[in-house]
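Participant: Please find data18.cif (mmCIF, C-alpha atoms) on the next line:
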```cif
data_query
loop_
_atom_site.label_atom_id
_atom_site.label_comp_id
_atom_site.auth_asym_id
_atom_site.auth_seq_id
_atom_site.Cartn_x
_atom_site.Cartn_y
_atom_site.Cartn_z
CA MET W 165 0.00 0.00 0.00
CA ILE W 166 2.84 2.39 0.88
CA LYS W 167 4.49 1.67 -2.50
CA LYS W 168 1.26 2.51 -4.33
CA VAL W 169 0.87 5.80 -2.47
CA PHE W 170 4.53 6.66 -3.14
CA ALA W 171 4.15 5.84 -6.86
CA LEU W 172 0.96 7.91 -7.07
CA GLY W 173 2.76 10.82 -5.44
CA LEU W 174 5.63 10.66 -7.92
CA PHE W 175 3.16 10.51 -10.81
CA SER W 176 1.27 13.57 -9.52
CA ILE W 177 4.50 15.55 -9.16
CA SER W 178 5.51 14.56 -12.69
CA VAL W 179 2.16 15.65 -14.13
CA MET W 180 2.28 18.97 -12.25
CA SER W 181 5.83 19.61 -13.47
CA LEU W 182 4.77 18.92 -17.07
CA ALA W 183 1.72 21.17 -16.80
CA GLN W 184 3.82 24.07 -15.52
CA LYS W 185 5.74 24.04 -18.80
CA ILE W 186 2.60 24.38 -20.97
CA SER W 187 1.13 27.72 -22.02
CA ILE W 188 -1.74 28.92 -24.21
CA ALA W 189 -1.39 32.30 -25.93
CA PRO W 190 -4.39 33.86 -27.75
CA SER W 191 -4.41 37.28 -29.39
CA PHE W 192 -6.94 39.43 -31.23
CA GLY W 193 -6.42 42.54 -33.31
CA TYR W 194 -6.31 44.09 -36.77
CA ALA W 195 -4.26 43.29 -39.87
CA TRP W 196 -3.36 44.90 -43.18
CA ARG W 197 -2.51 42.96 -46.34
CA VAL W 198 0.63 44.50 -47.81
CA ASN W 199 0.73 43.14 -51.38
CA LYS W 200 0.26 45.66 -54.17
CA ILE W 201 -3.00 45.86 -56.12
CA ALA W 202 -2.68 44.90 -59.80
CA THR W 203 -2.32 47.95 -62.05
CA THR W 204 -4.46 46.26 -64.72
CA LEU W 205 -7.61 46.77 -62.64
CA SER W 206 -9.94 49.68 -63.29
CA PRO W 207 -10.17 52.49 -60.69
CA GLU W 208 -13.54 51.10 -59.60
CA GLU W 209 -12.09 47.61 -59.15
CA ARG W 210 -9.04 48.95 -57.32
CA ASN W 211 -11.21 50.80 -54.82
CA TYR W 212 -13.22 47.65 -54.24
CA VAL W 213 -10.12 45.53 -53.63
CA LYS W 214 -8.81 48.13 -51.17
CA GLY W 215 -11.83 47.37 -48.98
CA LEU W 216 -10.52 43.81 -48.56
CA LYS W 217 -6.97 44.85 -47.68
CA ASN W 218 -7.65 45.13 -43.93
CA GLY W 219 -9.62 43.06 -41.45
CA THR W 220 -9.63 41.28 -38.11
CA ASN W 221 -6.80 38.99 -37.06
CA PHE W 222 -7.01 36.20 -34.47
CA ASP W 223 -4.43 33.61 -33.49
CA VAL W 224 -3.75 31.13 -30.72
CA ALA W 225 -0.59 29.20 -29.88
CA LEU W 226 -0.03 26.17 -27.69
CA ARG W 227 3.54 26.00 -26.38
CA TYR W 228 5.72 23.66 -24.36
CA GLU W 229 8.90 24.90 -22.65
CA ILE W 230 11.73 22.51 -23.51
CA LYS W 231 14.24 24.56 -21.49
CA ASN W 232 14.44 28.00 -19.90
CA GLY W 233 13.35 30.58 -22.44
CA VAL W 234 12.87 28.15 -25.33
CA HIS W 235 9.48 26.78 -26.38
CA ILE W 236 8.12 24.61 -29.16
CA GLY W 237 4.46 24.38 -30.08
CA PHE W 238 1.71 24.77 -32.64
CA LYS W 239 0.05 27.93 -33.95
CA TYR W 240 -3.24 28.71 -35.70
CA SER W 241 -4.17 32.12 -37.11
CA ASN W 242 -7.13 33.57 -39.02
CA TYR W 243 -7.55 36.76 -41.03
CA SER W 244 -11.08 37.79 -42.06
CA ALA W 245 -12.19 40.70 -44.22
CA SER W 246 -15.40 41.64 -46.04
CA HIS W 247 -16.47 44.45 -48.35
CA THR W 248 -19.60 45.52 -50.20
CA GLY W 249 -19.68 47.88 -53.17
CA ARG W 250 -21.66 48.82 -56.25
CA PHE W 251 -20.41 48.19 -59.78
CA SER W 252 -21.78 49.81 -62.92
CA ALA W 253 -21.58 48.53 -66.49
CA GLN W 254 -23.11 49.12 -69.91
CA ASP W 255 -25.41 46.42 -71.31
CA ASN W 256 -25.92 45.43 -74.97
CA MET W 257 -28.59 48.13 -75.38
CA GLY W 258 -26.28 50.87 -74.17
CA ASN W 259 -28.00 51.23 -70.84
CA ILE W 260 -26.01 51.68 -67.64
CA VAL W 261 -26.83 48.99 -65.09
CA SER W 262 -25.46 48.58 -61.61
CA ALA W 263 -25.43 45.89 -58.96
CA VAL W 264 -24.33 45.53 -55.35
CA VAL W 265 -21.46 43.06 -54.89
CA SER W 266 -20.25 41.60 -51.60
CA THR W 267 -17.03 39.65 -50.95
CA LYS W 268 -15.75 37.75 -47.94
CA ASP W 269 -12.08 36.76 -47.65
CA ALA W 270 -10.35 34.51 -45.13
CA ILE W 271 -6.72 33.43 -44.67
CA ASN W 272 -5.93 30.56 -42.28
CA PHE W 273 -2.53 29.35 -41.11
CA TYR W 274 -1.57 26.13 -39.27
CA GLY W 275 1.95 25.13 -38.34
CA PRO W 276 4.60 24.24 -35.75
CA SER W 277 6.26 27.14 -33.96
CA PHE W 278 9.51 27.95 -32.19
CA THR W 279 9.56 30.61 -29.46
CA VAL W 280 12.27 32.42 -27.52
CA THR W 281 11.36 34.38 -24.36
CA ASN W 282 12.82 35.85 -21.18
CA TYR W 283 10.10 34.29 -19.00
CA ASP W 284 12.77 32.81 -16.73
CA GLN W 285 14.27 36.21 -15.93
CA PRO W 286 13.38 37.96 -12.61
CA THR W 287 11.42 40.83 -14.20
CA LYS W 288 7.74 41.51 -14.87
CA HIS W 289 8.58 42.88 -18.32
CA LYS W 290 8.63 39.95 -20.71
CA PHE W 291 9.53 39.77 -24.40
CA LEU W 292 8.68 37.06 -26.89
CA LEU W 293 9.86 36.20 -30.40
CA ASP W 294 7.91 33.49 -32.19
CA ALA W 295 8.39 31.96 -35.66
CA ALA W 296 6.14 29.40 -37.36
CA LEU W 297 6.21 27.60 -40.71
CA GLY W 298 3.25 25.67 -42.09
CA ALA W 299 0.22 25.56 -44.38
CA MET W 300 -1.67 28.69 -45.41
CA SER W 301 -5.12 28.54 -47.00
CA TYR W 302 -7.12 31.27 -48.74
CA THR W 303 -10.85 31.41 -49.43
CA THR W 304 -12.83 34.17 -51.13
CA LYS W 305 -16.55 34.26 -51.88
CA THR W 306 -18.42 36.74 -54.06
CA GLY W 307 -22.05 35.81 -54.64
CA ASN W 308 -22.12 32.22 -55.86
CA VAL W 309 -18.46 32.22 -56.88
CA LYS W 310 -16.07 30.70 -54.34
CA GLY W 311 -12.32 30.60 -54.73
CA LYS W 312 -9.82 28.68 -52.64
CA GLY W 313 -6.16 27.76 -52.63
CA ASN W 314 -3.34 26.47 -50.43
CA THR W 315 0.34 27.28 -50.15
CA LEU W 316 3.32 27.26 -47.81
CA GLY W 317 3.30 30.15 -45.35
CA ALA W 318 5.32 31.61 -42.50
CA GLU W 319 4.52 33.85 -39.54
CA VAL W 320 6.75 35.83 -37.17
CA ASP W 321 5.53 37.60 -34.00
CA PHE W 322 7.19 39.96 -31.56
CA ALA W 323 5.41 40.71 -28.30
CA TYR W 324 5.89 42.62 -25.08
CA GLN W 325 3.93 41.27 -22.11
CA TYR W 326 3.56 42.41 -18.54
CA GLN W 327 3.47 39.62 -15.98
CA ILE W 328 0.38 40.09 -13.78
CA ASN W 329 1.26 36.95 -11.87
CA LYS W 330 3.18 33.77 -12.62
CA HIS W 331 0.24 32.39 -14.61
CA ILE W 332 -1.03 35.40 -16.61
CA LEU W 333 0.77 37.85 -18.91
CA ILE W 334 -0.75 40.51 -21.20
CA GLY W 335 0.56 43.02 -23.73
CA PRO W 336 0.75 44.19 -27.37
CA LYS W 337 2.02 42.10 -30.26
CA VAL W 338 3.21 42.85 -33.79
CA GLY W 339 3.05 40.09 -36.40
CA LEU W 340 4.15 39.48 -39.98
CA SER W 341 2.65 36.76 -42.18
CA GLY W 342 3.96 35.72 -45.59
CA GLY W 343 2.63 33.58 -48.42
CA ALA W 344 1.45 33.71 -52.05
CA LEU W 345 -0.81 31.60 -54.26
CA ARG W 346 0.09 30.65 -57.79
CA LYS W 347 -3.11 28.67 -58.37
CA ILE W 348 -6.71 29.26 -57.24
CA SER W 349 -9.73 27.03 -57.72
CA TYR W 350 -12.96 28.90 -58.60
CA ASN W 351 -16.03 26.70 -58.17
CA GLY W 352 -13.85 23.66 -58.80
CA GLN W 353 -12.01 25.05 -61.84
CA VAL W 354 -8.28 25.60 -61.26
CA VAL W 355 -6.80 28.85 -62.56
CA ASP W 356 -3.01 29.21 -62.90
CA LEU W 357 -2.18 32.81 -61.96
CA GLY W 358 1.45 32.58 -63.05
CA GLU W 359 4.50 34.09 -61.38
CA ASP W 360 3.65 37.73 -62.10
CA ASN W 361 0.03 37.66 -60.92
CA ARG W 362 0.20 35.53 -57.79
CA GLU W 363 -2.35 36.22 -55.06
CA GLY W 364 -0.32 37.73 -52.23
CA LEU W 365 -1.37 36.70 -48.72
CA SER W 366 1.23 38.66 -46.76
CA ARG W 367 0.01 40.93 -43.98
CA VAL W 368 1.10 42.95 -40.95
CA SER W 369 -0.92 42.67 -37.75
CA LEU W 370 -1.20 44.57 -34.48
CA ALA W 371 -2.96 42.81 -31.62
CA ALA W 372 -3.56 42.53 -27.90
CA SER W 373 -2.14 39.26 -26.63
CA ALA W 374 -2.22 37.18 -23.49
CA THR W 375 -0.34 34.15 -22.19
CA PHE W 376 -1.78 31.69 -19.71
CA ARG W 377 0.88 29.50 -18.11
CA PHE W 378 -0.08 26.31 -16.30
#
```
Could you render the structure as structure tokens?
Facilitator:
Amino acid sequence: MIKKVFALGLFSISVMSLAQKISIAPSFGYAWRVNKIATTLSPEERNYVKGLKNGTNFDVALRYEIKNGVHIGFKYSNYSASHTGRFSAQDNMGNIVSAVVSTKDAINFYGPSFTVTNYDQPTKHKFLLDAALGAMSYTTKTGNVKGKGNTLGAEVDFAYQYQINKHILIGPKVGLSGGALRKISYNGQVVDLGEDNREGLSRVSLAASATFRF
């Protein structure tokens, strides 16, 4: 009986030690897509595309501390933007017709991450540098037309966090995401955009972040 109690105690200590190395870090903010708008678009089309160049940005990371100040983990992020505008065109009879068009865009990223921090230092002012490499997906929907594509992407974050207590930290974060699509599928039909007209998915984000350490 004593051996069982001793073994259970060692197991509990081991589990608690493991849990103390795990952290969850969500953030929410705003992002701006930085790729240039194609010069071949009309002024009306360019103004419409500009409405999709900024939107909300959310991400969450699960990390495990392998040694003091060094973490490995997994990150997910989402960028969402929508815009509604009116387009005008001339029909076969020479009449000017217009219609309201609405588009919703989303960029998702999934991938392993590597993080360096000063969490082990005796200060309440913490800094974090995180890099992740993985899969980036893009979806866009305008009316009944839906486009989607996948590519390799990367994300880098730099954050300052103030340690409220040993379990909770909060602060601002700046992020950079990179990726580009060469092919997009519209309603199941694949379109090759080529090297010069790739759909750029890169963006800069500014967010409020938190870290919950267990």
Participant: Tell me, in Å to one decimal, how far atom CA of Tyr228 of chain W is from atom CA of Gly193 of chain W.
Facilitator: 24.2 Å
Participant: So that I can see what lies close to Ser246 of chain W, please list as a VMD selection string the residues with an atom at most 12 Å from it, counting only C-alpha atoms and leaving out residues fewer than 5 positions away in the same chain.
Facilitator: chain W and resid 212 to 220 265 to 270 303 to 306
Participant: What's the separation between atom CA of Ile332 of chain W and atom CA of Ala374 of chain W, in Å to one decimal place?
Facilitator: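 About the pair atom CA of Ile332 of chain W and atom CA of Ala374 of chain W: they are 7.2 Å apart.
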Participant: Since I can't run it myself right now, could you work out what the PyMOL selection byres ((chain W and resi 196) around 8) selects here and report it as number ranges by chain?
Facilitator: W: 194-195, 197-198, 217-219, 367-369
Participant: Go through W:Leu205, W:Val338, W:Val264, W:Val355 one by one, measure the shortest atom-to-atom distance of each to Asp223 of chain W using all atoms listed in the file, and give the residue with the smallest value.
Facilitator: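 Among W:Leu205, W:Val338, W:Val264, W:Val355, it is W:Val338 that comes nearest to Asp223 of chain W.
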Participant: Just checking: using all atoms listed in the file, which residue out of W:Pro286, W:Pro207, W:Gly364, W:Gly275 ends up closest to Gly313 of chain W?
Facilitator: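 Of all the options, W:Gly364 lies closest to Gly313 of chain W.
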Participant: Which is closest to Asn221 of chain W among W:Ser341, W:Ser349, W:Asn242, W:Thr287, if we use only C-alpha atoms?
Facilitator: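 Smallest distance to Asn221 of chain W is found for W:Asn242.
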Participant: Report the distance between atom CA of Asn351 of chain W and atom CA of Ile201 of chain W in Å, rounded to one decimal place.
Facilitator: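 Spanning atom CA of Asn351 of chain W to atom CA of Ile201 of chain W is a straight-line distance of 23.3 Å.
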Participant: Find the residues with any atom within 8 Å of (13.5, 29.3, -17.4); use all atoms listed in the file and the coordinates as given in the file, and write the answer as a list in words.
Facilitator: Lys231, Asn232, Gly233, Asn282, Tyr283, Asp284 and Gln285 of chain W
Participant: Point out the residue among W:Arg227, W:Arg250, W:Lys330, W:Lys290 with the least atom-to-atom distance to Ser187 of chain W, counting only C-alpha atoms.
Facilitator: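 Using only C-alpha atoms, Ser187 of chain W sits closest to W:Arg227.
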Participant: Do you know which residues the PyMOL selection byres ((chain W and resi 293) around 9) returns on this file, as a list in words?
Facilitator: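 Evaluating the PyMOL selection byres ((chain W and resi 293) around 9) on this file yields Phe278, Thr279, Val280, Thr281, Phe291, Leu292, Asp294, Ala295, Val320, Asp321, Phe322 and Ala323 of chain W.
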